[in-house]
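Below is one structure, written out as structure tokens; the observations come after it.
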Amino acid sequence: GMWVPKYVSGHFVWAPPPCVAVKCMEELRRARHKRQDSTHIFVCPRIMTVDWQRHLYRSADVVIVINPGHPVWDEHQHEPLLIGLYFPYLRYEPWQLKGSPKIMGMAGQLQRVCKEDSSASGHLLRQLWEFTRQLSSMSECLVRRVLQGSNNCEVSKTTTRK
């Protein structure tokens with residue numbers, strides 16, 4: 001008769017004020033390990049970043065910077081908006097999408113479009129979102145091929161940054 005918590009997967013948005021973002025990052029990283037089938041989105045203005053920005057870039061699968069003047073972040077905000085995307089863990093190696101050539105390419109393209117043509121950024125973000133959802137239905141070998149961009153089914157330790 002011991003009580004064991006049940007963790008429900010889902011989509012979670014973390015939007016803390018910058019002064020408590022470092023504590024929020026700690027909780028987000030803990031929650032990600034508990035809810036491995038969930039997607040987490042971290043949104044915070046780039047102020048008071050001494051403590052938490054390093055954690056964001058180290059832990060997020062994709063980081064998007066939206067500069068002032070973008071339709072969703074007007075010029076009066078003065079500081080860029082940082083958005084960290086944490087996709088669900090994979091069922092097999094490389095376990096997470098961070099650092100894979102395919103994801104880095106898509107994230108780079110999305111970042112360039114956010115700076116140049118904001119109207120197309122929604123379409124690219126949707127493509128990235130759908131791509132990550134499709135990975136859960138693929139075989140282990142196919143996921144490795146798609147993420148690494150090769151015909152080899154072996155895991156490359158260089159793309160996982162370990």
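So you can find residues: chains in the structure tokens are A, B, ... in the order shown, residues in each start at 1, and ligands are numbered from 1 in order.
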So that I can see what lies close to stretch 73-79 of chain A, please list as a PyMOL selection string the residues with an atom at most 7 Å from it, counting only C-alpha atoms and leaving out residues fewer than 6 positions away in the same chain.
chain A and resi 45-47
Selection to disk with N, CA and C atoms, as a PDB file, in the first residue's frame:
ATOM      1  N   PRO A  45      12.174  36.598 -21.418  1.00  0.00           N
ATOM      2  CA  PRO A  45      12.980  37.673 -21.996  1.00  0.00           C
ATOM      3  C   PRO A  45      14.447  37.526 -21.590  1.00  0.00           C
ATOM      4  N   ARG A  46      15.340  37.986 -22.452  1.00  0.00           N
ATOM      5  CA  ARG A  46      16.769  37.836 -22.193  1.00  0.00           C
ATOM      6  C   ARG A  46      17.279  38.978 -21.308  1.00  0.00           C
ATOM      7  N   ILE A  47      16.831  38.989 -20.079  1.00  0.00           N
ATOM      8  CA  ILE A  47      17.378  39.897 -19.073  1.00  0.00           C
ATOM      9  C   ILE A  47      17.658  39.071 -17.837  1.00  0.00           C
TER      10      ILE A  47
END
When you look at A:Val113 with a cut-off of 10 Å (counting only C-alpha atoms), what residues show up, excluding the ones that are within fewer than 6 positions of it in the same chain? I need them as a ChimeraX atom specification.
/A:107,119-122,124
Store the residues picked out above in a file with C-alpha atoms, as an mmCIF file, in the first residue's frame.
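Full text of result01.cif as output:
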data_model
loop_
_atom_site.group_PDB
_atom_site.id
_atom_site.type_symbol
_atom_site.label_atom_id
_atom_site.label_comp_id
_atom_site.auth_asym_id
_atom_site.auth_seq_id
_atom_site.Cartn_x
_atom_site.Cartn_y
_atom_site.Cartn_z
ATOM 1 C CA ALA A 107 16.733 25.052 -35.905
ATOM 2 C CA SER A 119 5.648 35.291 -41.822
ATOM 3 C CA ALA A 120 7.337 31.985 -42.709
ATOM 4 C CA SER A 121 8.557 31.186 -39.191
ATOM 5 C CA GLY A 122 5.251 29.615 -38.156
ATOM 6 C CA LEU A 124 8.947 26.109 -40.210
#
Quick one, how far is atom CA of A:Ile64 from atom CA of A:Ala31?
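Taking atom CA of A:Ile64 as the start and atom CA of A:Ala31 as the end point, the length is 21.0 Å.
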Write down as a PyMOL selection string the residues of stretch 71-149 of chain A whose backbone DSSP state falls under alpha helix (DSSP H).
chain A and resi 101-116+121-135+140-148
I need the chosen residues saved as a tab-separated table (two decimals), in the first residue's frame, with N, CA and C atoms.
chain	number	residue	atom	x	y	z
A	101	PRO	N	22.48	16.48	-36.38
A	101	PRO	CA	22.61	17.38	-37.55
A	101	PRO	C	21.26	17.81	-38.13
A	102	LYS	N	20.30	16.92	-38.18
A	102	LYS	CA	18.99	17.26	-38.76
A	102	LYS	C	18.29	18.34	-37.94
A	103	ILE	N	18.26	18.18	-36.62
A	103	ILE	CA	17.60	19.15	-35.75
A	103	ILE	C	18.36	20.48	-35.76
A	104	MET	N	19.68	20.41	-35.74
A	104	MET	CA	20.47	21.65	-35.77
A	104	MET	C	20.24	22.42	-37.08
A	105	GLY	N	20.12	21.69	-38.18
A	105	GLY	CA	19.84	22.33	-39.46
A	105	GLY	C	18.48	22.99	-39.49
A	106	MET	N	17.48	22.28	-38.99
A	106	MET	CA	16.12	22.84	-38.96
A	106	MET	C	16.05	24.04	-38.02
A	107	ALA	N	16.73	23.95	-36.87
A	107	ALA	CA	16.73	25.05	-35.91
A	107	ALA	C	17.45	26.27	-36.48
A	108	GLY	N	18.55	26.05	-37.18
A	108	GLY	CA	19.27	27.16	-37.81
A	108	GLY	C	18.44	27.85	-38.87
A	109	GLN	N	17.73	27.06	-39.65
A	109	GLN	CA	16.86	27.62	-40.68
A	109	GLN	C	15.72	28.42	-40.04
A	110	LEU	N	15.16	27.90	-38.97
A	110	LEU	CA	14.09	28.59	-38.26
A	110	LEU	C	14.60	29.91	-37.68
A	111	GLN	N	15.80	29.89	-37.11
A	111	GLN	CA	16.37	31.11	-36.54
A	111	GLN	C	16.61	32.18	-37.61
A	112	ARG	N	17.12	31.76	-38.77
A	112	ARG	CA	17.35	32.71	-39.86
A	112	ARG	C	16.03	33.32	-40.34
A	113	VAL	N	15.01	32.49	-40.45
A	113	VAL	CA	13.71	32.98	-40.93
A	113	VAL	C	13.09	33.92	-39.90
A	114	CYS	N	13.27	33.65	-38.61
A	114	CYS	CA	12.73	34.55	-37.58
A	114	CYS	C	13.35	35.93	-37.68
A	115	LYS	N	14.61	36.01	-38.09
A	115	LYS	CA	15.28	37.30	-38.22
A	115	LYS	C	14.87	38.03	-39.50
A	116	GLU	N	14.65	37.27	-40.60
A	116	GLU	CA	14.43	37.89	-41.90
A	116	GLU	C	12.95	38.03	-42.27
A	121	SER	N	8.04	31.88	-40.37
A	121	SER	CA	8.56	31.19	-39.19
A	121	SER	C	7.54	30.20	-38.60
A	122	GLY	N	6.27	30.52	-38.68
A	122	GLY	CA	5.25	29.62	-38.16
A	122	GLY	C	5.22	28.30	-38.91
A	123	HIS	N	5.37	28.39	-40.22
A	123	HIS	CA	5.38	27.18	-41.06
A	123	HIS	C	6.58	26.29	-40.71
A	124	LEU	N	7.76	26.90	-40.55
A	124	LEU	CA	8.95	26.11	-40.21
A	124	LEU	C	8.85	25.51	-38.81
A	125	LEU	N	8.30	26.26	-37.88
A	125	LEU	CA	8.12	25.75	-36.52
A	125	LEU	C	7.17	24.56	-36.53
A	126	ARG	N	6.12	24.65	-37.32
A	126	ARG	CA	5.17	23.54	-37.45
A	126	ARG	C	5.84	22.31	-38.06
A	127	GLN	N	6.70	22.51	-39.06
A	127	GLN	CA	7.44	21.40	-39.66
A	127	GLN	C	8.35	20.72	-38.63
A	128	LEU	N	9.05	21.52	-37.85
A	128	LEU	CA	9.92	20.97	-36.80
A	128	LEU	C	9.11	20.18	-35.79
A	129	TRP	N	7.98	20.74	-35.39
A	129	TRP	CA	7.10	20.09	-34.42
A	129	TRP	C	6.60	18.74	-34.95
A	130	GLU	N	6.12	18.72	-36.19
A	130	GLU	CA	5.62	17.49	-36.80
A	130	GLU	C	6.73	16.46	-36.99
A	131	PHE	N	7.90	16.92	-37.38
A	131	PHE	CA	9.04	16.02	-37.57
A	131	PHE	C	9.37	15.29	-36.27
A	132	THR	N	9.41	16.01	-35.17
A	132	THR	CA	9.75	15.37	-33.89
A	132	THR	C	8.66	14.40	-33.44
A	133	ARG	N	7.42	14.69	-33.77
A	133	ARG	CA	6.33	13.78	-33.41
A	133	ARG	C	6.39	12.49	-34.24
A	134	GLN	N	6.83	12.59	-35.49
A	134	GLN	CA	6.92	11.41	-36.36
A	134	GLN	C	8.02	10.46	-35.92
A	135	LEU	N	9.03	10.96	-35.23
A	135	LEU	CA	10.15	10.11	-34.83
A	135	LEU	C	9.73	8.98	-33.89
A	140	GLU	N	14.24	2.17	-34.79
A	140	GLU	CA	15.49	2.68	-34.23
A	140	GLU	C	16.50	3.02	-35.32
A	141	CYS	N	16.66	2.14	-36.27
A	141	CYS	CA	17.63	2.34	-37.35
A	141	CYS	C	17.23	3.53	-38.22
A	142	LEU	N	15.95	3.66	-38.52
A	142	LEU	CA	15.48	4.75	-39.36
A	142	LEU	C	15.67	6.10	-38.65
A	143	VAL	N	15.41	6.14	-37.35
A	143	VAL	CA	15.60	7.39	-36.60
A	143	VAL	C	17.05	7.82	-36.66
A	144	ARG	N	17.95	6.88	-36.49
A	144	ARG	CA	19.38	7.20	-36.54
A	144	ARG	C	19.78	7.71	-37.93
A	145	ARG	N	19.26	7.07	-38.95
A	145	ARG	CA	19.56	7.52	-40.32
A	145	ARG	C	19.06	8.94	-40.57
A	146	VAL	N	17.84	9.20	-40.13
A	146	VAL	CA	17.24	10.51	-40.37
A	146	VAL	C	17.97	11.59	-39.57
A	147	LEU	N	18.26	11.33	-38.31
A	147	LEU	CA	18.89	12.35	-37.46
A	147	LEU	C	20.34	12.60	-37.84
A	148	GLN	N	21.06	11.55	-38.22
A	148	GLN	CA	22.48	11.71	-38.54
A	148	GLN	C	22.72	12.00	-40.01
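Nearest to A:Ile41 of all the residues A:Val63, A:Val13, A:Leu90, A:Val72 is A:Val13, counting only C-alpha atoms.
Closest to A:Arg54 among A:Ile66, A:Leu97, A:Leu81, A:Ala21 is A:Ala21, based on only C-alpha atoms.
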Of the candidates A:Asn67, A:Cys19, A:Ser38, A:Val8, which shows the shortest atom-to-atom distance to A:Tyr89, using only C-alpha atoms?
A:Ser38
Have a look at A:Arg30, A:Gly69, A:Val62, A:Pro80 and name the one nearest to A:Cys44; count only C-alpha atoms.
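Ranking A:Arg30, A:Gly69, A:Val62, A:Pro80 by distance to A:Cys44, first place goes to A:Pro80.
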Which of stretch 16-112 of chain A DSSP labels strand (DSSP E or B), written as a ChimeraX atom specification:
/A:39-45,62-66,70,73,81-86
Okay, now the selection with N, CA, C and O atoms, as a CSV table (one decimal), in the first residue's frame?
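Contents of the output file again03.csv:
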chain,number,residue,atom,x,y,z
A,39,THR,N,6.5,17.4,-24.0
A,39,THR,CA,7.2,18.5,-24.6
A,39,THR,C,7.1,19.7,-23.7
A,39,THR,O,6.1,20.0,-23.1
A,40,HIS,N,8.3,20.3,-23.5
A,40,HIS,CA,8.3,21.5,-22.6
A,40,HIS,C,8.8,22.7,-23.4
A,40,HIS,O,9.7,22.5,-24.3
A,41,ILE,N,8.2,23.8,-23.2
A,41,ILE,CA,8.6,25.0,-23.9
A,41,ILE,C,8.9,26.1,-22.8
A,41,ILE,O,8.0,26.4,-21.9
A,42,PHE,N,10.1,26.6,-22.9
A,42,PHE,CA,10.5,27.6,-21.9
A,42,PHE,C,10.6,29.0,-22.7
A,42,PHE,O,11.2,29.1,-23.7
A,43,VAL,N,9.9,30.0,-22.1
A,43,VAL,CA,9.8,31.3,-22.7
A,43,VAL,C,10.2,32.4,-21.7
A,43,VAL,O,9.6,32.4,-20.6
A,44,CYS,N,11.2,33.2,-22.0
A,44,CYS,CA,11.6,34.2,-21.1
A,44,CYS,C,12.4,35.3,-21.8
A,44,CYS,O,13.2,35.0,-22.7
A,45,PRO,N,12.2,36.6,-21.4
A,45,PRO,CA,13.0,37.7,-22.0
A,45,PRO,C,14.4,37.5,-21.6
A,45,PRO,O,14.7,37.0,-20.5
A,62,VAL,N,16.3,22.9,-28.8
A,62,VAL,CA,16.4,24.0,-29.8
A,62,VAL,C,16.2,25.3,-29.0
A,62,VAL,O,15.3,25.3,-28.1
A,63,VAL,N,17.0,26.3,-29.3
A,63,VAL,CA,16.8,27.6,-28.7
A,63,VAL,C,16.5,28.6,-29.8
A,63,VAL,O,17.3,28.7,-30.8
A,64,ILE,N,15.4,29.3,-29.7
A,64,ILE,CA,15.1,30.3,-30.7
A,64,ILE,C,15.2,31.7,-30.0
A,64,ILE,O,14.6,31.9,-28.9
A,65,VAL,N,15.8,32.7,-30.7
A,65,VAL,CA,15.9,34.0,-30.2
A,65,VAL,C,15.0,34.9,-31.1
A,65,VAL,O,15.2,34.9,-32.3
A,66,ILE,N,14.0,35.6,-30.5
A,66,ILE,CA,13.1,36.5,-31.2
A,66,ILE,C,13.5,37.9,-30.8
A,66,ILE,O,13.4,38.3,-29.7
A,70,HIS,N,9.7,41.9,-34.0
A,70,HIS,CA,9.0,40.7,-34.5
A,70,HIS,C,7.5,40.9,-34.2
A,70,HIS,O,7.2,41.5,-33.2
A,73,TRP,N,6.8,40.0,-30.7
A,73,TRP,CA,7.6,40.6,-29.6
A,73,TRP,C,8.0,42.0,-30.1
A,73,TRP,O,9.0,42.2,-30.8
A,81,LEU,N,13.5,37.8,-26.9
A,81,LEU,CA,12.8,36.8,-26.2
A,81,LEU,C,13.5,35.5,-26.5
A,81,LEU,O,13.8,35.2,-27.7
A,82,LEU,N,13.8,34.7,-25.5
A,82,LEU,CA,14.4,33.4,-25.7
A,82,LEU,C,13.4,32.3,-25.5
A,82,LEU,O,12.6,32.3,-24.5
A,83,ILE,N,13.3,31.4,-26.5
A,83,ILE,CA,12.4,30.3,-26.4
A,83,ILE,C,13.2,29.0,-26.5
A,83,ILE,O,13.9,28.8,-27.5
A,84,GLY,N,13.1,28.1,-25.5
A,84,GLY,CA,13.7,26.8,-25.5
A,84,GLY,C,12.7,25.7,-25.7
A,84,GLY,O,11.7,25.7,-25.0
A,85,LEU,N,13.0,24.9,-26.7
A,85,LEU,CA,12.1,23.8,-27.0
A,85,LEU,C,12.7,22.5,-26.5
A,85,LEU,O,13.9,22.2,-26.8
A,86,TYR,N,12.0,21.7,-25.7
A,86,TYR,CA,12.4,20.4,-25.1
A,86,TYR,C,11.5,19.4,-25.7
A,86,TYR,O,10.3,19.3,-25.2
Separation of atom CA of A:Ser137 and atom CA of A:Arg91, in Å?
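Computed distance, atom CA of A:Ser137 to atom CA of A:Arg91, equals 10.1 Å.
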